[in-house]
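Pasting data19.cif here (mmCIF, C-alpha atoms):
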data_target
loop_
_atom_site.label_atom_id
_atom_site.label_comp_id
_atom_site.auth_asym_id
_atom_site.auth_seq_id
_atom_site.Cartn_x
_atom_site.Cartn_y
_atom_site.Cartn_z
CA MET A 1 135.09 -59.17 -114.19
CA SER A 2 137.67 -57.37 -112.07
CA ARG A 3 138.08 -57.83 -108.34
CA THR A 4 137.19 -54.17 -107.70
CA SER A 5 133.86 -54.53 -109.50
CA VAL A 6 132.69 -57.27 -107.13
CA GLY A 7 134.46 -56.12 -103.98
CA GLU A 8 137.38 -57.42 -101.98
CA PRO A 9 137.15 -60.82 -100.26
CA GLY A 10 135.13 -60.60 -97.07
CA THR A 11 133.22 -57.47 -98.10
CA PRO A 12 129.42 -57.24 -98.42
CA GLN A 13 129.84 -56.59 -102.15
CA ARG A 14 131.72 -59.86 -102.65
CA TYR A 15 129.17 -61.73 -100.53
CA ALA A 16 126.25 -60.28 -102.53
CA HIS A 17 128.00 -61.13 -105.82
CA SER A 18 128.64 -64.72 -104.74
CA LEU A 19 125.09 -65.01 -103.44
CA TRP A 20 123.67 -63.92 -106.78
CA LEU A 21 125.92 -66.28 -108.75
CA LEU A 22 124.94 -69.29 -106.62
CA SER A 23 121.24 -68.42 -106.71
CA ALA A 24 121.33 -67.92 -110.48
CA ARG A 25 123.07 -71.28 -110.82
CA ASP A 26 120.32 -72.96 -108.81
CA LEU A 27 117.63 -71.46 -111.02
CA LYS A 28 119.49 -72.30 -114.23
CA VAL A 29 119.96 -75.94 -113.18
CA ARG A 30 116.33 -76.22 -112.10
CA TYR A 31 114.89 -74.85 -115.33
CA SER A 32 117.44 -76.09 -117.87
CA THR A 33 116.87 -79.76 -116.96
CA SER A 34 113.08 -79.53 -117.10
CA MET A 35 110.87 -79.48 -120.20
CA LEU A 36 108.28 -77.28 -118.48
CA GLY A 37 110.88 -75.06 -116.82
CA TYR A 38 109.24 -71.92 -115.45
CA LEU A 39 105.78 -73.49 -115.57
CA TRP A 40 106.66 -75.68 -112.58
CA SER A 41 106.69 -72.54 -110.43
CA VAL A 42 103.09 -71.99 -111.53
CA LEU A 43 101.74 -75.53 -111.65
CA ASP A 44 102.45 -76.53 -108.05
CA PRO A 45 100.44 -73.77 -106.32
CA LEU A 46 97.86 -73.83 -109.12
CA VAL A 47 97.10 -77.54 -108.70
CA MET A 48 97.06 -77.25 -104.89
CA SER A 49 94.67 -74.29 -105.09
CA ALA A 50 92.36 -76.09 -107.51
CA ILE A 51 92.17 -79.16 -105.24
CA TYR A 52 91.40 -77.21 -102.07
CA TRP A 53 88.97 -74.91 -103.86
CA PHE A 54 87.05 -77.92 -105.22
CA VAL A 55 87.01 -79.74 -101.88
CA PHE A 56 85.89 -76.76 -99.81
CA THR A 57 83.46 -75.17 -102.27
CA ARG A 58 82.01 -78.13 -104.19
CA VAL A 59 82.32 -81.17 -101.90
CA PHE A 60 81.99 -79.73 -98.39
CA HIS A 61 80.17 -76.74 -97.03
CA ARG A 62 82.83 -74.15 -96.29
CA ASP A 63 82.58 -71.89 -93.24
CA VAL A 64 86.20 -70.72 -93.11
CA GLY A 65 88.24 -68.23 -95.12
CA GLU A 66 86.96 -65.35 -97.20
CA ASP A 67 85.31 -64.80 -100.58
CA PRO A 68 86.45 -65.06 -103.29
CA TYR A 69 87.89 -68.24 -101.80
CA ILE A 70 90.21 -69.05 -104.71
CA VAL A 71 91.98 -65.69 -104.23
CA PHE A 72 92.09 -66.32 -100.48
CA LEU A 73 93.67 -69.73 -101.09
CA ILE A 74 96.28 -68.68 -103.62
CA SER A 75 97.40 -65.66 -101.59
CA GLY A 76 98.30 -68.11 -98.81
CA LEU A 77 99.54 -71.04 -100.88
CA LEU A 78 102.10 -69.09 -102.91
CA PRO A 79 104.13 -67.91 -99.88
CA TRP A 80 103.68 -71.36 -98.31
CA VAL A 81 105.30 -73.02 -101.33
CA TRP A 82 108.26 -70.63 -100.92
CA PHE A 83 108.49 -71.46 -97.21
CA ASN A 84 108.07 -75.22 -97.64
CA SER A 85 110.51 -75.62 -100.53
CA ALA A 86 113.16 -73.46 -98.84
CA VAL A 87 113.00 -75.29 -95.49
CA SER A 88 113.08 -78.64 -97.32
CA ASP A 89 116.24 -77.58 -99.15
CA PHE A 90 117.85 -76.35 -95.91
CA THR A 91 118.07 -79.97 -94.76
CA LYS A 92 120.49 -80.71 -97.63
CA ALA A 93 122.17 -77.31 -97.86
CA PHE A 94 125.65 -78.47 -96.79
CA LYS A 95 125.67 -82.10 -97.85
CA ARG A 96 124.67 -81.40 -101.45
CA ASP A 97 127.66 -79.09 -102.04
CA SER A 98 130.00 -80.41 -99.37
CA ARG A 99 133.15 -79.96 -101.46
CA LEU A 100 132.42 -76.32 -102.18
CA VAL A 101 131.41 -75.69 -98.57
CA ARG A 102 134.77 -77.02 -97.37
CA SER A 103 136.97 -75.44 -100.02
CA THR A 104 135.55 -71.95 -100.60
CA ALA A 105 136.52 -68.95 -98.52
CA ILE A 106 133.12 -67.25 -98.65
CA PRO A 107 131.02 -67.27 -95.46
CA ARG A 108 129.22 -70.59 -95.09
CA SER A 109 125.95 -68.81 -94.35
CA ILE A 110 125.72 -68.17 -98.08
CA TRP A 111 124.67 -71.80 -98.59
CA VAL A 112 121.53 -70.93 -96.64
CA THR A 113 120.83 -67.46 -98.00
CA ARG A 114 121.19 -68.59 -101.62
CA ILE A 115 118.32 -71.05 -101.05
CA VAL A 116 116.15 -68.26 -99.62
CA LEU A 117 116.95 -66.03 -102.59
CA SER A 118 116.47 -68.62 -105.34
CA LYS A 119 113.21 -69.88 -103.85
CA GLY A 120 112.12 -66.29 -103.30
CA ILE A 121 112.66 -65.54 -107.00
CA GLU A 122 110.56 -68.60 -107.87
CA PHE A 123 107.88 -67.21 -105.55
CA LEU A 124 107.90 -63.93 -107.48
CA PHE A 125 107.74 -65.91 -110.74
CA SER A 126 104.57 -67.59 -109.47
CA MET A 127 102.76 -64.34 -108.58
CA PRO A 128 101.09 -64.09 -112.05
CA VAL A 129 98.91 -67.02 -110.94
CA LEU A 130 97.35 -64.79 -108.28
CA VAL A 131 97.02 -61.85 -110.68
CA ILE A 132 95.27 -64.02 -113.29
CA PHE A 133 92.66 -65.30 -110.83
CA VAL A 134 92.02 -61.82 -109.46
CA VAL A 135 91.43 -60.52 -112.99
CA ILE A 136 89.18 -63.48 -113.87
CA ASN A 137 87.16 -62.90 -110.71
CA LEU A 138 86.75 -59.18 -111.42
CA LEU A 139 85.65 -59.85 -115.01
CA THR A 140 83.23 -62.71 -114.35
CA GLU A 141 81.78 -62.21 -110.86
CA THR A 142 78.55 -60.20 -110.79
CA ASP A 143 77.94 -60.49 -107.04
CA ALA A 144 79.78 -57.64 -105.34
CA ALA A 145 80.19 -59.71 -102.16
CA GLN A 146 82.07 -62.37 -104.13
CA ARG A 147 84.35 -60.00 -106.03
CA ALA A 148 88.01 -59.45 -105.16
CA GLN A 149 88.94 -56.04 -103.80
CA ILE A 150 92.29 -54.41 -104.43
CA GLY A 151 93.11 -51.66 -101.95
CA TRP A 152 95.83 -49.88 -100.04
CA GLY A 153 96.74 -53.13 -98.30
CA ILE A 154 98.86 -54.08 -101.30
CA LEU A 155 101.51 -51.77 -99.81
CA TRP A 156 102.07 -54.43 -97.13
CA LEU A 157 103.34 -56.90 -99.75
CA PRO A 158 107.02 -55.81 -99.54
CA VAL A 159 106.81 -55.97 -95.73
CA ALA A 160 105.45 -59.52 -95.91
CA ILE A 161 108.25 -60.56 -98.27
CA LEU A 162 110.87 -58.97 -96.01
CA LEU A 163 109.52 -60.66 -92.87
CA GLN A 164 109.34 -64.03 -94.58
CA THR A 165 112.92 -63.60 -95.81
CA ILE A 166 114.08 -62.82 -92.25
CA LEU A 167 112.19 -65.83 -90.91
CA LEU A 168 113.59 -68.17 -93.56
CA VAL A 169 117.18 -67.04 -93.10
CA GLY A 170 116.86 -67.60 -89.35
CA LEU A 171 115.34 -71.04 -89.83
CA GLY A 172 117.96 -71.93 -92.43
CA LEU A 173 120.80 -71.05 -90.08
CA LEU A 174 119.18 -73.40 -87.54
CA VAL A 175 118.08 -76.28 -89.76
CA ALA A 176 121.05 -76.56 -92.14
CA PRO A 177 123.84 -77.21 -89.58
CA LEU A 178 121.64 -79.39 -87.36
CA CYS A 179 120.64 -81.62 -90.31
CA ALA A 180 124.28 -81.85 -91.38
CA LEU A 181 125.18 -83.18 -87.93
CA TYR A 182 122.10 -85.32 -87.27
CA ALA A 183 120.79 -87.15 -90.34
CA ASP A 184 117.45 -88.12 -88.75
CA LEU A 185 116.47 -84.46 -88.54
CA GLU A 186 116.00 -84.34 -92.31
CA ARG A 187 113.01 -86.69 -92.15
CA THR A 188 111.80 -85.06 -88.95
CA THR A 189 111.74 -81.69 -90.70
CA GLY A 190 109.58 -83.17 -93.43
CA LEU A 191 107.05 -84.41 -90.88
CA ILE A 192 107.01 -81.04 -89.12
CA LEU A 193 106.34 -79.26 -92.42
CA ARG A 194 103.35 -81.50 -93.12
CA ALA A 195 101.85 -80.71 -89.71
CA LEU A 196 102.72 -77.03 -90.03
CA PHE A 197 100.72 -76.74 -93.27
CA TYR A 198 97.51 -77.44 -91.36
CA ALA A 199 98.63 -75.36 -88.36
CA THR A 200 99.14 -72.34 -90.62
CA PRO A 201 96.20 -70.14 -91.74
CA ILE A 202 96.26 -71.11 -95.43
CA ILE A 203 92.85 -72.69 -95.95
CA TYR A 204 91.38 -70.72 -93.03
CA ASN A 205 91.88 -67.51 -91.01
CA VAL A 206 93.34 -67.36 -87.53
CA SER A 207 89.99 -65.89 -86.46
CA ASN A 208 88.28 -69.10 -87.64
CA LEU A 209 90.04 -71.08 -84.89
CA PRO A 210 87.95 -71.78 -81.79
CA GLY A 211 88.72 -70.50 -78.32
CA VAL A 212 92.31 -70.79 -77.11
CA PHE A 213 93.46 -72.12 -80.49
CA GLU A 214 93.04 -68.64 -81.96
CA THR A 215 95.54 -67.31 -79.42
CA LEU A 216 97.91 -70.22 -80.01
CA GLY A 217 97.59 -69.82 -83.78
CA ALA A 218 98.73 -66.21 -83.54
CA PHE A 219 102.11 -67.44 -82.28
CA ASN A 220 102.78 -69.17 -85.57
CA PRO A 221 105.12 -66.61 -87.20
CA LEU A 222 103.60 -67.39 -90.60
CA ALA A 223 100.14 -66.28 -89.41
CA GLY A 224 100.94 -62.57 -89.32
CA ILE A 225 103.04 -62.79 -92.49
CA PHE A 226 100.16 -64.38 -94.40
CA THR A 227 97.84 -61.71 -93.02
CA LEU A 228 100.07 -59.09 -94.66
CA TYR A 229 100.01 -60.95 -97.98
CA ARG A 230 96.21 -60.96 -97.92
CA MET A 231 95.77 -57.33 -96.97
CA ALA A 232 95.61 -56.31 -100.65
CA PHE A 233 92.34 -58.26 -101.07
CA PHE A 234 90.97 -58.72 -97.55
CA PRO A 235 91.69 -55.50 -95.59
CA ASP A 236 89.11 -56.35 -92.92
CA GLN A 237 91.31 -59.31 -91.87
CA TRP A 238 93.93 -57.03 -90.30
CA HIS A 239 95.04 -58.34 -86.90
CA THR A 240 97.62 -56.11 -85.24
CA TRP A 241 98.55 -58.56 -82.47
CA THR A 242 99.21 -61.41 -84.92
CA VAL A 243 101.36 -59.24 -87.19
CA VAL A 244 103.41 -57.88 -84.27
CA ILE A 245 104.00 -61.40 -82.93
CA SER A 246 105.16 -62.57 -86.37
CA ALA A 247 107.61 -59.68 -86.68
CA VAL A 248 109.06 -60.23 -83.20
CA MET A 249 109.30 -64.01 -83.63
CA SER A 250 110.95 -63.68 -87.04
CA LEU A 251 113.64 -61.43 -85.57
CA LEU A 252 114.13 -63.72 -82.55
CA ILE A 253 114.46 -66.78 -84.80
CA LEU A 254 117.01 -64.91 -86.93
CA ALA A 255 119.05 -64.01 -83.81
CA LEU A 256 118.85 -67.59 -82.55
CA GLY A 257 119.84 -68.90 -85.97
CA VAL A 258 122.92 -66.67 -86.15
CA TRP A 259 124.01 -67.80 -82.67
CA VAL A 260 123.48 -71.52 -83.37
CA PHE A 261 125.19 -71.29 -86.76
CA ARG A 262 128.30 -69.74 -85.24
CA LYS A 263 128.43 -72.45 -82.57
CA LEU A 264 128.00 -75.33 -85.03
CA GLU A 265 129.98 -74.11 -88.05
CA ARG A 266 133.22 -75.85 -87.05
CA PRO A 267 131.60 -79.17 -86.10
CA VAL A 268 129.72 -79.14 -89.43
CA LEU A 269 132.94 -78.61 -91.41
CA LYS A 270 134.53 -81.55 -89.58
CA GLU A 271 131.49 -83.71 -90.33
CA LEU A 272 131.60 -82.86 -94.04
#
Would you put the structure from the file into structure tokens?
Amino acid sequence: MSRTSVGEPGTPQRYAHSLWLLSARDLKVRYSTSMLGYLWSVLDPLVMSAIYWFVFTRVFHRDVGEDPYIVFLISGLLPWVWFNSAVSDFTKAFKRDSRLVRSTAIPRSIWVTRIVLSKGIEFLFSMPVLVIFVVINLLTETDAAQRAQIGWGILWLPVAILLQTILLVGLGLLVAPLCALYADLERTTGLILRALFYATPIIYNVSNLPGVFETLGAFNPLAGIFTLYRMAFFPDQWHTWTVVISAVMSLLILALGVWVFRKLERPVLKEL
């Protein structure tokens, strides 16, 4: 492939081409070394959804979330898996490919954005899980109150994906250089992700939180993003304030990430 077809060094075209090559490499390595390959993108959220559905509908009396609960769960778990796996990989973004990071001339931010892209593609690969359960619900559920609804809210899906991409890029530009400089932050990030799972409206709605916790929960940037994901099936869950906060916080985190990354890029290269 000629230089002109991918752009000159330092141009957006060259960056996009390199980003795609690195992301495709990540996906190829992930799937070529696994017997189940693509199915792993489906099995993780599927098993998690089955466990939480069983616990909250068969073991305990559920008074959170919406019906059909399995659709409610999966529409939150799929984007969470994208978020969780991307942030986990940010902690090793520079150390895993330290030689390439030091030797290549492409912007070092690409080692963050390629994780967001590759994990985002896996997220899209897992979407058939949600579609299958929506179809099963529509075909088998006779109670109208328990049936999934598909409405105009599905138009918010691209907005949710865009906001989550912005949020992840910002977090990656923060987490990746800090973990490269301070090894203990890798384990700390893992602990934060575990706590964040329960602090994020995945198995419940923000409106299910009592008192002041509902207000505090709205300041989790994932809360508004997950609201947008669920708008296709639960349009009555729209919460303008939560969505606006998520959009503003995602942009602020991106700006902070860019600033921190520029400050720490040289120290990270010396550490590698």
_Under the PyMOL selection byres ((chain A and resi 219) around 12), which residues of this model are included? Write them out as an MDAnalysis selection string._
chainID A and resid 199:201 206 212:218 220:225 241:250
*Distance CA of Gly151 (chain A)-CA of Val71 (chain A), one decimal place?*
14.3 Å
_Quick check on the file I pasted: which residues fall under the PyMOL selection byres ((chain A and resi 50) around 12)? Write them as a list of chain:residue names._
A:Leu43, A:Asp44, A:Pro45, A:Leu46, A:Val47, A:Met48, A:Ser49, A:Ile51, A:Tyr52, A:Trp53, A:Phe54, A:Val55, A:Phe56, A:Thr57, A:Arg58, A:Tyr69, A:Ile70, A:Val71, A:Leu73, A:Ile74, A:Leu77, A:Val129, A:Phe133
Can you write out the residues you just picked, keeping C-alpha atoms, as an mmCIF file, in the coordinates of the input?
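Once everything was written out, this is part09.cif:
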data_model
loop_
_atom_site.group_PDB
_atom_site.id
_atom_site.type_symbol
_atom_site.label_atom_id
_atom_site.label_comp_id
_atom_site.auth_asym_id
_atom_site.auth_seq_id
_atom_site.Cartn_x
_atom_site.Cartn_y
_atom_site.Cartn_z
ATOM 1 C CA LEU A 43 101.740 -75.530 -111.650
ATOM 2 C CA ASP A 44 102.450 -76.530 -108.050
ATOM 3 C CA PRO A 45 100.440 -73.770 -106.320
ATOM 4 C CA LEU A 46 97.860 -73.830 -109.120
ATOM 5 C CA VAL A 47 97.100 -77.540 -108.700
ATOM 6 C CA MET A 48 97.060 -77.250 -104.890
ATOM 7 C CA SER A 49 94.670 -74.290 -105.090
ATOM 8 C CA ILE A 51 92.170 -79.160 -105.240
ATOM 9 C CA TYR A 52 91.400 -77.210 -102.070
ATOM 10 C CA TRP A 53 88.970 -74.910 -103.860
ATOM 11 C CA PHE A 54 87.050 -77.920 -105.220
ATOM 12 C CA VAL A 55 87.010 -79.740 -101.880
ATOM 13 C CA PHE A 56 85.890 -76.760 -99.810
ATOM 14 C CA THR A 57 83.460 -75.170 -102.270
ATOM 15 C CA ARG A 58 82.010 -78.130 -104.190
ATOM 16 C CA TYR A 69 87.890 -68.240 -101.800
ATOM 17 C CA ILE A 70 90.210 -69.050 -104.710
ATOM 18 C CA VAL A 71 91.980 -65.690 -104.230
ATOM 19 C CA LEU A 73 93.670 -69.730 -101.090
ATOM 20 C CA ILE A 74 96.280 -68.680 -103.620
ATOM 21 C CA LEU A 77 99.540 -71.040 -100.880
ATOM 22 C CA VAL A 129 98.910 -67.020 -110.940
ATOM 23 C CA PHE A 133 92.660 -65.300 -110.830
#
*Kindly indicate which residue among A:Ser126, A:Tyr198, A:Leu185, A:Leu256 lies nearest to Ser75 (chain A), using all atoms listed in the file for the distances.*
A:Ser126
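Between CA of Thr227 (chain A) and CA of Asn208 (chain A) the separation is 13.2 Å.
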*Exercise: Glu265 (chain A) partners within 9 Å, all atoms listed in the file, chain neighbours under 5 positions left out, as a ChimeraX atom specification*: /A:108,177,260,270
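Closest to Pro12 (chain A) among A:Glu66, A:Gln164, A:Ile106, A:Met127 is A:Ile106, based on only C-alpha atoms.
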Using all atoms listed in the file, what table do you get, as JSON lines, when you list each residue of region 107-131 of chain A with an atom no more than 12 Å from region 95-99 of chain A, its nearest pair of atoms, and their distance in Å rounded to one decimal, rows by chain then rising number?
{"residue": "A:Arg108", "atom": "CA", "partner": "A:Ser98", "partner_atom": "CA", "distance": 10.7}
{"residue": "A:Ile110", "atom": "CA", "partner": "A:Asp97", "partner_atom": "CA", "distance": 11.8}
{"residue": "A:Trp111", "atom": "CA", "partner": "A:Asp97", "partner_atom": "CA", "distance": 8.6}
{"residue": "A:Val112", "atom": "CA", "partner": "A:Asp97", "partner_atom": "CA", "distance": 11.5}
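Taking CA of Asn137 (chain A) and CA of Gln149 (chain A) as the two end points, the separation is 9.9 Å.
Considering the residues A:Leu157, A:Ala195, A:Ile253, A:Met231 and counting only C-alpha atoms, Leu173 (chain A) has its shortest atom-to-atom contact with A:Ile253.
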_Near-Glu186 (chain A) list (12 Å; only C-alpha atoms; drop same-chain fewer than 3 positions) as a PyMOL selection string_ = chain A and resi 87-93+95+175-183+189-193
Sel. within 12 Å of pt (109.1, -67.2, -100.4), counting all atoms listed in the file, output as a CSV table (one decimal) with C-alpha atoms, keeping the file's coordinate frame:
chain,number,residue,atom,x,y,z
A,41,SER,CA,106.7,-72.5,-110.4
A,75,SER,CA,97.4,-65.7,-101.6
A,76,GLY,CA,98.3,-68.1,-98.8
A,77,LEU,CA,99.5,-71.0,-100.9
A,78,LEU,CA,102.1,-69.1,-102.9
A,79,PRO,CA,104.1,-67.9,-99.9
A,80,TRP,CA,103.7,-71.4,-98.3
A,81,VAL,CA,105.3,-73.0,-101.3
A,82,TRP,CA,108.3,-70.6,-100.9
A,83,PHE,CA,108.5,-71.5,-97.2
A,84,ASN,CA,108.1,-75.2,-97.6
A,85,SER,CA,110.5,-75.6,-100.5
A,86,ALA,CA,113.2,-73.5,-98.8
A,87,VAL,CA,113.0,-75.3,-95.5
A,113,THR,CA,120.8,-67.5,-98.0
A,115,ILE,CA,118.3,-71.0,-101.0
A,116,VAL,CA,116.2,-68.3,-99.6
A,117,LEU,CA,117.0,-66.0,-102.6
A,118,SER,CA,116.5,-68.6,-105.3
A,119,LYS,CA,113.2,-69.9,-103.8
A,120,GLY,CA,112.1,-66.3,-103.3
A,121,ILE,CA,112.7,-65.5,-107.0
A,122,GLU,CA,110.6,-68.6,-107.9
A,123,PHE,CA,107.9,-67.2,-105.6
A,124,LEU,CA,107.9,-63.9,-107.5
A,125,PHE,CA,107.7,-65.9,-110.7
A,126,SER,CA,104.6,-67.6,-109.5
A,127,MET,CA,102.8,-64.3,-108.6
A,157,LEU,CA,103.3,-56.9,-99.8
A,158,PRO,CA,107.0,-55.8,-99.5
A,160,ALA,CA,105.4,-59.5,-95.9
A,161,ILE,CA,108.2,-60.6,-98.3
A,162,LEU,CA,110.9,-59.0,-96.0
A,163,LEU,CA,109.5,-60.7,-92.9
A,164,GLN,CA,109.3,-64.0,-94.6
A,165,THR,CA,112.9,-63.6,-95.8
A,166,ILE,CA,114.1,-62.8,-92.2
A,167,LEU,CA,112.2,-65.8,-90.9
A,168,LEU,CA,113.6,-68.2,-93.6
A,169,VAL,CA,117.2,-67.0,-93.1
A,222,LEU,CA,103.6,-67.4,-90.6
A,225,ILE,CA,103.0,-62.8,-92.5
A,226,PHE,CA,100.2,-64.4,-94.4
A,229,TYR,CA,100.0,-61.0,-98.0
*Taking the file as shown, what set of residues would the PyMOL selection byres ((chain A and resi 146) around 10) give back, as number ranges by chain?*
A: 66-69, 137-138, 141-145, 147-149
Reconstructed all heavy atoms for region 174-183 of chain A, given as a PDB file, in the coordinates of the input:
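Output below, filename selection18.pdb:
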ATOM      1  N   LEU A 174     119.417 -72.375 -88.562  1.00  0.00           N
ATOM      2  CA  LEU A 174     119.180 -73.400 -87.540  1.00  0.00           C
ATOM      3  C   LEU A 174     119.141 -74.804 -88.152  1.00  0.00           C
ATOM      4  O   LEU A 174     119.820 -75.723 -87.689  1.00  0.00           O
ATOM      5  CB  LEU A 174     117.841 -73.133 -86.847  1.00  0.00           C
ATOM      6  CG  LEU A 174     117.791 -72.053 -85.773  1.00  0.00           C
ATOM      7  CD1 LEU A 174     116.338 -71.745 -85.413  1.00  0.00           C
ATOM      8  CD2 LEU A 174     118.544 -72.508 -84.527  1.00  0.00           C
ATOM      9  N   VAL A 175     118.345 -74.950 -89.195  1.00  0.00           N
ATOM     10  CA  VAL A 175     118.080 -76.280 -89.760  1.00  0.00           C
ATOM     11  C   VAL A 175     119.288 -76.854 -90.482  1.00  0.00           C
ATOM     12  O   VAL A 175     119.625 -78.040 -90.304  1.00  0.00           O
ATOM     13  CB  VAL A 175     116.869 -76.212 -90.717  1.00  0.00           C
ATOM     14  CG1 VAL A 175     116.684 -77.526 -91.461  1.00  0.00           C
ATOM     15  CG2 VAL A 175     115.609 -75.855 -89.940  1.00  0.00           C
ATOM     16  N   ALA A 176     119.963 -76.045 -91.302  1.00  0.00           N
ATOM     17  CA  ALA A 176     121.050 -76.560 -92.140  1.00  0.00           C
ATOM     18  C   ALA A 176     122.183 -77.215 -91.335  1.00  0.00           C
ATOM     19  O   ALA A 176     122.553 -78.364 -91.621  1.00  0.00           O
ATOM     20  CB  ALA A 176     121.598 -75.443 -93.028  1.00  0.00           C
ATOM     21  N   PRO A 177     122.750 -76.549 -90.333  1.00  0.00           N
ATOM     22  CA  PRO A 177     123.840 -77.210 -89.580  1.00  0.00           C
ATOM     23  C   PRO A 177     123.354 -78.379 -88.741  1.00  0.00           C
ATOM     24  O   PRO A 177     124.065 -79.386 -88.605  1.00  0.00           O
ATOM     25  CB  PRO A 177     124.386 -76.075 -88.697  1.00  0.00           C
ATOM     26  CG  PRO A 177     123.279 -75.096 -88.582  1.00  0.00           C
ATOM     27  CD  PRO A 177     122.539 -75.162 -89.876  1.00  0.00           C
ATOM     28  N   LEU A 178     122.146 -78.289 -88.178  1.00  0.00           N
ATOM     29  CA  LEU A 178     121.640 -79.390 -87.360  1.00  0.00           C
ATOM     30  C   LEU A 178     121.405 -80.639 -88.202  1.00  0.00           C
ATOM     31  O   LEU A 178     121.716 -81.759 -87.773  1.00  0.00           O
ATOM     32  CB  LEU A 178     120.335 -78.967 -86.668  1.00  0.00           C
ATOM     33  CG  LEU A 178     120.491 -77.966 -85.508  1.00  0.00           C
ATOM     34  CD1 LEU A 178     119.127 -77.491 -85.035  1.00  0.00           C
ATOM     35  CD2 LEU A 178     121.266 -78.594 -84.351  1.00  0.00           C
ATOM     36  N   CYS A 179     120.871 -80.467 -89.423  1.00  0.00           N
ATOM     37  CA  CYS A 179     120.640 -81.620 -90.310  1.00  0.00           C
ATOM     38  C   CYS A 179     121.958 -82.197 -90.819  1.00  0.00           C
ATOM     39  O   CYS A 179     122.048 -83.396 -91.098  1.00  0.00           O
ATOM     40  CB  CYS A 179     119.751 -81.213 -91.473  1.00  0.00           C
ATOM     41  SG  CYS A 179     118.011 -81.002 -91.018  1.00  0.00           S
ATOM     42  N   ALA A 180     122.976 -81.351 -90.947  1.00  0.00           N
ATOM     43  CA  ALA A 180     124.280 -81.850 -91.380  1.00  0.00           C
ATOM     44  C   ALA A 180     124.914 -82.724 -90.303  1.00  0.00           C
ATOM     45  O   ALA A 180     125.648 -83.672 -90.599  1.00  0.00           O
ATOM     46  CB  ALA A 180     125.210 -80.686 -91.717  1.00  0.00           C
ATOM     47  N   LEU A 181     124.610 -82.417 -89.037  1.00  0.00           N
ATOM     48  CA  LEU A 181     125.180 -83.180 -87.930  1.00  0.00           C
ATOM     49  C   LEU A 181     124.326 -84.378 -87.530  1.00  0.00           C
ATOM     50  O   LEU A 181     124.851 -85.391 -87.079  1.00  0.00           O
ATOM     51  CB  LEU A 181     125.355 -82.257 -86.712  1.00  0.00           C
ATOM     52  CG  LEU A 181     126.383 -81.127 -86.863  1.00  0.00           C
ATOM     53  CD1 LEU A 181     126.322 -80.197 -85.661  1.00  0.00           C
ATOM     54  CD2 LEU A 181     127.788 -81.693 -87.022  1.00  0.00           C
ATOM     55  N   TYR A 182     123.011 -84.251 -87.695  1.00  0.00           N
ATOM     56  CA  TYR A 182     122.100 -85.320 -87.270  1.00  0.00           C
ATOM     57  C   TYR A 182     121.186 -85.675 -88.446  1.00  0.00           C
ATOM     58  O   TYR A 182     120.213 -84.956 -88.731  1.00  0.00           O
ATOM     59  CB  TYR A 182     121.273 -84.870 -86.065  1.00  0.00           C
ATOM     60  CG  TYR A 182     122.116 -84.335 -84.921  1.00  0.00           C
ATOM     61  CD1 TYR A 182     122.239 -82.962 -84.710  1.00  0.00           C
ATOM     62  CD2 TYR A 182     122.810 -85.199 -84.082  1.00  0.00           C
ATOM     63  CE1 TYR A 182     123.018 -82.469 -83.679  1.00  0.00           C
ATOM     64  CE2 TYR A 182     123.592 -84.714 -83.040  1.00  0.00           C
ATOM     65  CZ  TYR A 182     123.700 -83.342 -82.853  1.00  0.00           C
ATOM     66  OH  TYR A 182     124.475 -82.855 -81.832  1.00  0.00           O
ATOM     67  N   ALA A 183     121.475 -86.783 -89.108  1.00  0.00           N
ATOM     68  CA  ALA A 183     120.790 -87.150 -90.340  1.00  0.00           C
ATOM     69  C   ALA A 183     119.282 -87.352 -90.144  1.00  0.00           C
ATOM     70  O   ALA A 183     118.486 -87.057 -91.044  1.00  0.00           O
ATOM     71  CB  ALA A 183     121.410 -88.427 -90.915  1.00  0.00           C
TER      72      ALA A 183
END
